[in-house]
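Novice: Sending over work28.cif (mmCIF, C-alpha atoms).
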data_final
#
loop_
_atom_site.label_atom_id
_atom_site.label_comp_id
_atom_site.auth_asym_id
_atom_site.auth_seq_id
_atom_site.Cartn_x
_atom_site.Cartn_y
_atom_site.Cartn_z
CA MET A 1 11.86 27.97 -0.48
CA LEU A 2 8.67 27.65 1.59
CA ILE A 3 6.63 26.40 -1.38
CA ARG A 4 9.20 23.64 -1.92
CA TYR A 5 8.61 22.35 1.60
CA ILE A 6 4.85 22.53 1.10
CA LYS A 7 5.12 20.60 -2.16
CA ASN A 8 7.05 17.87 -0.39
CA GLY A 9 4.53 17.60 2.43
CA TYR A 10 6.50 19.02 5.35
CA TYR A 11 3.25 20.36 6.81
CA ILE A 12 1.85 16.84 7.22
CA PRO A 13 3.78 15.60 10.33
CA PRO A 14 2.11 18.27 12.54
CA ILE A 15 -1.26 17.10 11.15
CA HIS A 16 -0.31 13.56 12.17
CA ILE A 17 0.40 14.71 15.71
CA GLY A 18 -2.89 16.61 15.84
CA LEU A 19 -4.91 13.67 14.52
CA PHE A 20 -3.38 11.30 17.05
CA TYR A 21 -4.06 13.79 19.85
CA PHE A 22 -7.75 13.99 18.98
CA THR A 23 -8.39 10.38 17.95
CA LYS A 24 -6.03 8.54 20.34
CA ASP A 25 -5.77 6.01 17.49
CA ILE A 26 -2.28 5.63 16.04
CA TYR A 27 -3.47 3.31 13.27
CA LEU A 28 -6.20 5.69 12.08
CA SER A 29 -4.06 8.83 12.27
CA THR A 30 -1.14 7.16 10.49
CA SER A 31 -3.38 5.72 7.76
CA ILE A 32 -4.85 9.16 7.06
CA VAL A 33 -1.54 10.98 6.81
CA LEU A 34 0.06 8.29 4.62
CA LYS A 35 -2.76 8.78 2.13
CA LEU A 36 -2.41 12.54 2.53
CA TYR A 37 1.26 12.32 1.51
CA SER A 38 0.28 10.49 -1.66
CA THR A 39 -2.46 13.01 -2.45
CA ASN A 40 -0.09 15.91 -1.83
CA TYR A 41 2.57 14.39 -4.09
CA PHE A 42 0.27 13.94 -7.06
CA TYR A 43 -1.40 17.31 -6.54
CA TRP A 44 1.90 19.12 -6.90
CA PHE A 45 3.83 16.88 -9.30
CA SER A 46 1.22 15.24 -11.55
CA ASP A 47 2.14 17.66 -14.34
CA HIS A 48 5.44 15.76 -14.70
CA PHE A 49 3.55 12.72 -16.02
CA ASP A 50 2.06 12.43 -19.48
CA PHE A 51 0.10 9.16 -19.54
CA LEU A 52 -3.15 11.20 -19.40
CA PRO A 53 -4.09 14.85 -20.08
CA GLN A 54 -3.91 17.16 -17.09
CA PRO A 55 -5.33 17.10 -14.46
CA TYR A 56 -6.30 13.44 -14.88
CA THR A 57 -2.78 12.20 -14.13
CA GLN A 58 -3.72 12.71 -10.47
CA LEU A 59 -5.82 9.56 -10.79
CA LYS A 60 -2.58 7.58 -10.60
CA GLN A 61 -2.72 7.80 -6.81
CA PHE A 62 -5.65 5.34 -6.89
CA ILE A 63 -4.23 2.82 -9.36
CA ARG A 64 -1.36 1.02 -7.66
CA PHE A 65 -2.01 -2.07 -5.55
CA THR A 66 -0.37 -0.18 -2.70
CA ASP A 67 -3.19 2.36 -2.95
CA THR A 68 -5.74 -0.34 -2.16
CA GLY A 69 -4.01 -0.52 1.21
CA HIS A 70 -5.51 2.86 2.08
CA ILE A 71 -8.97 1.47 1.31
CA VAL A 72 -8.53 -1.70 3.34
CA SER A 73 -7.16 0.39 6.23
CA LEU A 74 -10.39 2.39 6.20
CA LEU A 75 -12.47 -0.80 6.14
CA TYR A 76 -10.45 -2.13 9.05
CA HIS A 77 -11.10 1.01 11.07
CA ILE A 78 -14.85 0.72 10.38
CA ASP A 79 -15.05 -2.94 11.44
CA LYS A 80 -11.83 -4.26 12.98
CA ARG A 81 -13.18 -7.72 13.76
CA ARG A 82 -14.46 -8.34 10.24
CA TYR A 83 -11.58 -6.89 8.23
CA LEU A 84 -8.56 -7.76 10.35
CA PRO A 85 -7.48 -10.78 8.24
CA LEU A 86 -7.99 -8.94 4.94
CA ALA A 87 -6.14 -5.82 6.10
CA TYR A 88 -3.31 -7.90 7.56
CA ASN A 89 -2.90 -9.99 4.40
CA VAL A 90 -3.09 -7.05 1.99
CA HIS A 91 -0.56 -4.97 3.89
CA PHE A 92 1.73 -7.97 4.37
CA VAL A 93 1.82 -8.45 0.59
CA ILE A 94 2.22 -4.72 -0.07
CA SER A 95 5.23 -4.62 2.24
CA ALA A 96 6.88 -7.93 1.32
CA GLY A 97 6.13 -7.55 -2.41
CA TYR A 98 7.62 -4.06 -2.49
CA TRP A 99 10.84 -5.02 -0.73
CA PHE A 100 11.22 -8.26 -2.68
CA GLY A 101 10.75 -6.42 -5.96
CA LYS A 102 13.08 -3.61 -4.96
CA LEU A 103 15.89 -5.69 -3.47
CA CYS A 104 15.72 -8.88 -5.55
CA LEU A 105 14.25 -7.85 -8.91
CA ASP A 106 15.67 -4.33 -9.08
CA MET A 107 12.21 -2.80 -9.49
CA LYS A 108 12.20 0.98 -9.53
CA ASP A 109 9.86 2.97 -7.30
CA ALA A 110 6.71 3.73 -9.26
CA ASP A 111 6.34 7.41 -10.20
CA ALA A 112 9.57 8.50 -8.53
CA LEU A 113 10.67 11.90 -9.83
CA TYR A 114 14.11 13.44 -9.80
CA ASN A 115 14.18 17.21 -10.06
CA ASP A 116 15.10 20.23 -7.98
CA ASP A 117 11.65 20.48 -6.39
CA ILE A 118 11.83 16.99 -4.91
CA ILE A 119 13.46 16.54 -1.51
CA ARG A 120 14.64 13.03 -2.22
CA TRP A 121 15.39 11.74 1.29
CA PHE A 122 12.05 12.93 2.62
CA ASN A 123 10.01 11.40 -0.20
CA ASP A 124 11.96 8.15 0.04
CA SER A 125 11.23 7.95 3.76
CA ILE A 126 7.51 8.38 3.07
CA THR A 127 7.58 5.69 0.38
CA TYR A 128 9.31 3.31 2.76
CA SER A 129 6.84 4.18 5.53
CA ILE A 130 3.85 3.42 3.30
CA HIS A 131 5.35 0.01 2.58
CA ILE A 132 6.10 -0.99 6.16
CA LEU A 133 4.25 1.05 8.85
CA PRO A 134 0.66 -0.17 8.21
CA TYR A 135 1.78 -3.78 8.30
CA MET A 136 3.82 -3.29 11.48
CA MET A 137 0.78 -1.78 13.21
CA LEU A 138 -1.44 -4.61 12.02
CA LEU A 139 1.16 -7.12 13.16
CA TYR A 140 0.88 -5.67 16.66
CA GLU A 141 -2.92 -5.59 16.58
CA THR A 142 -3.14 -9.14 15.25
CA TYR A 143 -0.86 -10.48 17.96
CA ASN A 144 -2.93 -8.61 20.56
CA CYS A 145 -6.27 -9.64 19.06
CA PRO A 146 -8.92 -8.82 21.70
CA TYR A 147 -11.82 -10.84 20.33
CA GLU A 148 -13.11 -14.09 21.77
CA GLU A 149 -13.25 -15.67 18.32
CA CYS A 150 -9.67 -14.73 17.38
CA SER A 151 -8.76 -18.37 16.89
CA LEU A 152 -11.38 -18.53 14.13
CA LEU A 153 -9.71 -15.80 12.09
CA PHE A 154 -7.35 -16.33 9.12
CA THR A 155 -9.24 -19.29 7.71
CA LYS A 156 -9.20 -20.51 4.11
CA ASN A 157 -12.13 -18.19 3.43
CA ASP A 158 -10.04 -15.24 4.59
CA LEU A 159 -7.31 -16.32 2.17
CA TYR A 160 -9.85 -16.60 -0.66
CA TYR A 161 -11.17 -13.10 0.08
CA SER A 162 -7.60 -11.80 0.03
CA TYR A 163 -7.04 -13.34 -3.41
CA LEU A 164 -10.36 -11.85 -4.52
CA TRP A 165 -9.10 -8.42 -3.41
CA LEU A 166 -6.00 -8.91 -5.57
CA TYR A 167 -7.96 -10.11 -8.61
CA CYS A 168 -10.51 -7.28 -8.35
CA TRP A 169 -7.68 -4.77 -8.32
CA PHE A 170 -6.01 -6.43 -11.31
CA PHE A 171 -9.06 -6.85 -13.56
CA PHE A 172 -11.10 -3.78 -12.60
CA ILE A 173 -8.37 -1.22 -11.92
CA TYR A 174 -5.01 -2.25 -13.36
CA VAL A 175 -6.12 -3.77 -16.68
CA PRO A 176 -8.38 -0.82 -17.69
CA TRP A 177 -5.68 1.65 -16.65
CA ARG A 178 -3.01 -0.20 -18.64
CA TYR A 179 -5.29 -0.40 -21.68
CA ILE A 180 -6.21 3.30 -21.60
CA THR A 181 -2.84 4.80 -20.69
CA ASN A 182 -0.27 2.10 -21.58
CA ASP A 183 1.27 2.90 -18.20
CA ALA A 184 2.79 -0.28 -16.74
CA VAL A 185 2.54 1.13 -13.18
CA TYR A 186 5.24 -1.31 -12.01
CA SER A 187 8.55 -1.66 -13.83
CA ILE A 188 8.31 -5.45 -13.60
CA PHE A 189 5.36 -5.31 -16.02
CA GLU A 190 7.13 -3.25 -18.68
CA TYR A 191 7.15 -4.86 -22.12
CA ASN A 192 10.93 -5.19 -22.13
CA VAL A 193 10.99 -7.29 -18.95
CA PRO A 194 11.35 -11.03 -19.65
CA ASN A 195 8.15 -12.99 -19.12
CA HIS A 196 9.80 -15.41 -16.73
CA LYS A 197 10.53 -12.53 -14.35
CA LYS A 198 6.89 -11.46 -14.48
CA ILE A 199 5.72 -15.01 -13.82
CA ILE A 200 8.11 -15.35 -10.88
CA PHE A 201 6.88 -12.09 -9.40
CA VAL A 202 3.17 -12.94 -9.83
CA GLY A 203 3.72 -16.41 -8.39
CA PHE A 204 5.61 -14.91 -5.47
CA ILE A 205 2.73 -12.52 -4.74
CA HIS A 206 0.32 -15.46 -4.55
CA LEU A 207 2.72 -17.29 -2.27
CA LEU A 208 2.99 -14.22 -0.05
CA PHE A 209 -0.77 -14.25 0.53
CA MET A 210 -0.55 -17.87 1.68
CA ILE A 211 2.37 -17.10 3.98
CA SER A 212 0.57 -14.04 5.33
CA ASN A 213 -2.65 -15.87 6.11
CA TYR A 214 -0.75 -18.69 7.80
CA SER A 215 1.34 -16.29 9.87
CA GLY A 216 -1.80 -14.39 10.89
CA ASN A 217 -3.37 -17.62 12.09
CA ILE A 218 -0.30 -18.36 14.19
CA LEU A 219 -0.33 -14.86 15.67
CA VAL A 220 -3.99 -14.95 16.74
CA SER A 221 -3.48 -18.41 18.17
CA GLU A 222 -0.56 -17.12 20.24
CA SER A 223 -2.65 -14.13 21.37
CA ARG A 224 -5.04 -16.42 23.21
#
Reformat the file's structure so that it appears as structure tokens.
Specialist:
Amino acid sequence: MLIRYIKNGYYIPPIHIGLFYFTKDIYLSTSIVLKLYSTNYFYWFSDHFDFLPQPYTQLKQFIRFTDTGHIVSLLYHIDKRRYLPLAYNVHFVISAGYWFGKLCLDMKDADALYNDDIIRWFNDSITYSIHILPYMMLLYETYNCPYEECSLLFTKNDLYYSYLWLYCWFFFIYVPWRYITNDAVYSIFEYNVPNHKKIIFVGFIHLLFMISNYSGNILVSESR
């Protein structure tokens, strides 16, 4: 029974508390443990996937666009002033794109497993947290932007860099992964999904970046 709780990451919440106690940074501590949940999941359950020989299926935790959110969170922690617009836009799209796809396009959660070892409610809560908590924290930090030049953030250049982040993920991570493994990653990109649905989803993602950048500009303007 104990190993089942370990496999599902029940030991991670105390780590979250400890990290926050020592860092006094809720964004940093939360970003670390959200990535730790993903790492824990693929460490224990990667043998249920067959798109690559073991243990290489664990690489899947770095392939999804959501996983780039962990990277941009790290960049934001290193230089908050420089990476605030990029982190805000990326996490906005991760959150809005996930919920739009799930609620409106009936997209299934990527890599969700259903077996006796999985504690479904706990893993679902982590998945939902990954797709909402980072953005909510960035929403707060954007509205409370402490920099003198806040009004200069979320420009067209910031939007272009956000699109560049998306295109780099698609061409340098997603396309090679799809070619090598034939793993669609997202159910919306499966071969049996009508092309018009894919086009709608891709177009919506681009629109989300525009909405995000515009909303970020409004927030930093209000913060002054």
Novice: Using all atoms listed in the file, determine which residues lie at most 7 Å from region 91-102 of chain A, disregarding the query and same-chain residues fewer than 4 positions distant; provide the list as an mmCIF file with C-alpha atoms, keeping the file's coordinate frame.
Specialist:
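File produced: selection_9.cif:
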data_model
loop_
_atom_site.group_PDB
_atom_site.id
_atom_site.type_symbol
_atom_site.label_atom_id
_atom_site.label_comp_id
_atom_site.auth_asym_id
_atom_site.auth_seq_id
_atom_site.Cartn_x
_atom_site.Cartn_y
_atom_site.Cartn_z
ATOM 1 C CA THR A 66 -0.370 -0.180 -2.700
ATOM 2 C CA GLY A 69 -4.010 -0.520 1.210
ATOM 3 C CA ALA A 87 -6.140 -5.820 6.100
ATOM 4 C CA ASP A 106 15.670 -4.330 -9.080
ATOM 5 C CA MET A 107 12.210 -2.800 -9.490
ATOM 6 C CA LYS A 108 12.200 0.980 -9.530
ATOM 7 C CA HIS A 131 5.350 0.010 2.580
ATOM 8 C CA ILE A 132 6.100 -0.990 6.160
ATOM 9 C CA PRO A 134 0.660 -0.170 8.210
ATOM 10 C CA TYR A 135 1.780 -3.780 8.300
ATOM 11 C CA ILE A 205 2.730 -12.520 -4.740
ATOM 12 C CA LEU A 208 2.990 -14.220 -0.050
ATOM 13 C CA PHE A 209 -0.770 -14.250 0.530
ATOM 14 C CA SER A 212 0.570 -14.040 5.330
#
Novice: Distance CA of Tyr37 (chain A)-CA of Asp109 (chain A), one decimal place?
Specialist: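 Between CA of Tyr37 (chain A) and CA of Asp109 (chain A) the gap is 15.5 Å.
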Novice: Nearest to Ile218 (chain A) among A:Tyr41, A:Lys60, A:Ile188, A:Thr142, with distances taken over only C-alpha atoms: which residue is it?
Specialist: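 So, comparing all the options, the nearest one is A:Thr142.
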Novice: Excluding same-chain residues fewer than 3 positions from Tyr140 (chain A), what lies within 12 Å of it counting all atoms listed in the file, as a list in words?
Specialist: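 The neighbour list is Ile26, Tyr27, Leu84, Tyr88, Leu133, Pro134, Tyr135, Met136, Met137, Tyr143, Asn144, Cys145, Pro146, Gly216, Leu219, Val220 and Ser223 of chain A.
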Novice: Could you tell me how far CA of Tyr10 (chain A) sits from CA of Leu103 (chain A), in Å to one decimal place?
Specialist: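 Those two atoms sit 27.9 Å apart.
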Novice: Compile the contact shell of His70 (chain A) as a list in words: residues with an atom at most 9 Å away, counting only C-alpha atoms, same-chain residues fewer than 6 positions apart removed.
Specialist: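 Counting only C-alpha atoms, the residues come to Ser31, Ile32, Leu34 and Lys35 of chain A.
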Novice: Residues picked by the PyMOL selection byres ((chain A and resi 1) around 12) here, as a list in words?
Specialist: Leu2, Ile3, Arg4, Tyr5, Ile6, Lys7, Asn8, Tyr10, Asp116, Asp117, Ile118 and Ile119 of chain A
Novice: Could you check which of A:Phe189, A:Tyr163, A:Glu141, A:Gln61 is closest to Asp25 (chain A), using all atoms listed in the file?
Specialist: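 Smallest distance to Asp25 (chain A) is found for A:Glu141.
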Novice: Suppose you want the space between CA of Ile211 (chain A) and CA of Ser125 (chain A); what is it in Å?
Specialist: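 So the answer is 26.6 Å.
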Novice: From the options A:Phe65, A:Trp121, A:Tyr147, A:Phe45, which residue's atoms come nearest to Phe172 (chain A), counting all atoms listed in the file?
Specialist: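 Looking only at the distances to Phe172 (chain A), the closest residue turns out to be A:Phe65.
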Novice: For Tyr161 (chain A), which residue among A:Val202, A:Ile63, A:Ala112, A:Val90 is the nearest when counting only C-alpha atoms?
Specialist: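 Smallest distance to Tyr161 (chain A) is found for A:Val90.
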Novice: Check the smallest atom-to-atom distance from each of A:Ser162, A:Tyr114, A:Thr181, A:Ser187 to Pro53 (chain A) using all atoms listed in the file, then report the winner.
Specialist: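 Between A:Ser162, A:Tyr114, A:Thr181, A:Ser187, the residue approaching Pro53 (chain A) most closely is A:Thr181.
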Novice: Return the single residue from A:Asn195, A:Trp165, A:Asp111, A:Tyr128 that is closest to Ile71 (chain A), with distances computed using all atoms listed in the file.
Specialist: A:Trp165
Novice: List the spatial neighbours of region 149-155 of chain A as a PDB file with C-alpha atoms, keeping the file's coordinate frame - criterion: any atom at most 6 Å away, only C-alpha atoms, same-chain residues fewer than 3 positions off excluded.
Specialist:
ATOM      1  CA  PRO A  85      -7.480 -10.780   8.240  1.00  0.00           C
ATOM      2  CA  ASP A 158     -10.040 -15.240   4.590  1.00  0.00           C
ATOM      3  CA  ASN A 213      -2.650 -15.870   6.110  1.00  0.00           C
ATOM      4  CA  ASN A 217      -3.370 -17.620  12.090  1.00  0.00           C
ATOM      5  CA  VAL A 220      -3.990 -14.950  16.740  1.00  0.00           C
ATOM      6  CA  SER A 221      -3.480 -18.410  18.170  1.00  0.00           C
TER       7      SER A 221
END
Novice: Excluding Ile15 (chain A) and its own-chain neighbours fewer than 6 positions away, which residues fall within 12 Å of it when counting only C-alpha atoms? Please give them as a PDB file with C-alpha atoms, keeping the file's coordinate frame.
Specialist:
ATOM      1  CA  GLY A   9       4.530  17.600   2.430  1.00  0.00           C
ATOM      2  CA  TYR A  21      -4.060  13.790  19.850  1.00  0.00           C
ATOM      3  CA  PHE A  22      -7.750  13.990  18.980  1.00  0.00           C
ATOM      4  CA  THR A  23      -8.390  10.380  17.950  1.00  0.00           C
ATOM      5  CA  SER A  29      -4.060   8.830  12.270  1.00  0.00           C
ATOM      6  CA  THR A  30      -1.140   7.160  10.490  1.00  0.00           C
ATOM      7  CA  ILE A  32      -4.850   9.160   7.060  1.00  0.00           C
ATOM      8  CA  VAL A  33      -1.540  10.980   6.810  1.00  0.00           C
ATOM      9  CA  LEU A  34       0.060   8.290   4.620  1.00  0.00           C
ATOM     10  CA  LEU A  36      -2.410  12.540   2.530  1.00  0.00           C
ATOM     11  CA  TYR A  37       1.260  12.320   1.510  1.00  0.00           C
TER      12      TYR A  37
END
Novice: Can you give me N, CA and C atoms for region 179-194 of chain A, written as a JSON list (two decimals), in the frame of the given file?
Specialist:
[["chain", "number", "residue", "atom", "x", "y", "z"],
["A", 179, "TYR", "N", -4.74, -0.47, -20.32],
["A", 179, "TYR", "CA", -5.29, -0.40, -21.68],
["A", 179, "TYR", "C", -5.46, 1.05, -22.13],
["A", 180, "ILE", "N", -5.92, 1.91, -21.24],
["A", 180, "ILE", "CA", -6.21, 3.30, -21.60],
["A", 180, "ILE", "C", -4.93, 4.12, -21.70],
["A", 181, "THR", "N", -4.00, 3.92, -20.78],
["A", 181, "THR", "CA", -2.84, 4.80, -20.69],
["A", 181, "THR", "C", -1.54, 4.17, -21.18],
["A", 182, "ASN", "N", -1.50, 2.84, -21.26],
["A", 182, "ASN", "CA", -0.27, 2.10, -21.58],
["A", 182, "ASN", "C", 0.79, 2.29, -20.50],
["A", 183, "ASP", "N", 0.37, 2.73, -19.33],
["A", 183, "ASP", "CA", 1.27, 2.90, -18.20],
["A", 183, "ASP", "C", 1.38, 1.57, -17.46],
["A", 184, "ALA", "N", 2.60, 1.02, -17.36],
["A", 184, "ALA", "CA", 2.79, -0.28, -16.74],
["A", 184, "ALA", "C", 2.62, -0.25, -15.23],
["A", 185, "VAL", "N", 2.68, 0.93, -14.63],
["A", 185, "VAL", "CA", 2.54, 1.13, -13.18],
["A", 185, "VAL", "C", 3.77, 0.60, -12.44],
["A", 186, "TYR", "N", 4.07, -0.69, -12.64],
["A", 186, "TYR", "CA", 5.24, -1.31, -12.01],
["A", 186, "TYR", "C", 6.25, -1.69, -13.09],
["A", 187, "SER", "N", 7.52, -1.42, -12.82],
["A", 187, "SER", "CA", 8.55, -1.66, -13.83],
["A", 187, "SER", "C", 8.65, -3.14, -14.20],
["A", 188, "ILE", "N", 8.24, -4.02, -13.31],
["A", 188, "ILE", "CA", 8.31, -5.45, -13.60],
["A", 188, "ILE", "C", 7.37, -5.84, -14.73],
["A", 189, "PHE", "N", 6.34, -5.02, -14.97],
["A", 189, "PHE", "CA", 5.36, -5.31, -16.02],
["A", 189, "PHE", "C", 5.62, -4.55, -17.32],
["A", 190, "GLU", "N", 6.77, -3.91, -17.42],
["A", 190, "GLU", "CA", 7.13, -3.25, -18.68],
["A", 190, "GLU", "C", 7.31, -4.31, -19.77],
["A", 191, "TYR", "N", 7.07, -3.92, -21.01],
["A", 191, "TYR", "CA", 7.15, -4.86, -22.12],
["A", 191, "TYR", "C", 8.54, -5.45, -22.30],
["A", 192, "ASN", "N", 9.56, -4.71, -21.91],
["A", 192, "ASN", "CA", 10.93, -5.19, -22.13],
["A", 192, "ASN", "C", 11.43, -6.12, -21.03],
["A", 193, "VAL", "N", 10.61, -6.37, -20.02],
["A", 193, "VAL", "CA", 10.99, -7.29, -18.95],
["A", 193, "VAL", "C", 10.66, -8.71, -19.38],
["A", 194, "PRO", "N", 11.60, -9.64, -19.25],
["A", 194, "PRO", "CA", 11.35, -11.03, -19.65],
["A", 194, "PRO", "C", 10.13, -11.61, -18.94]]
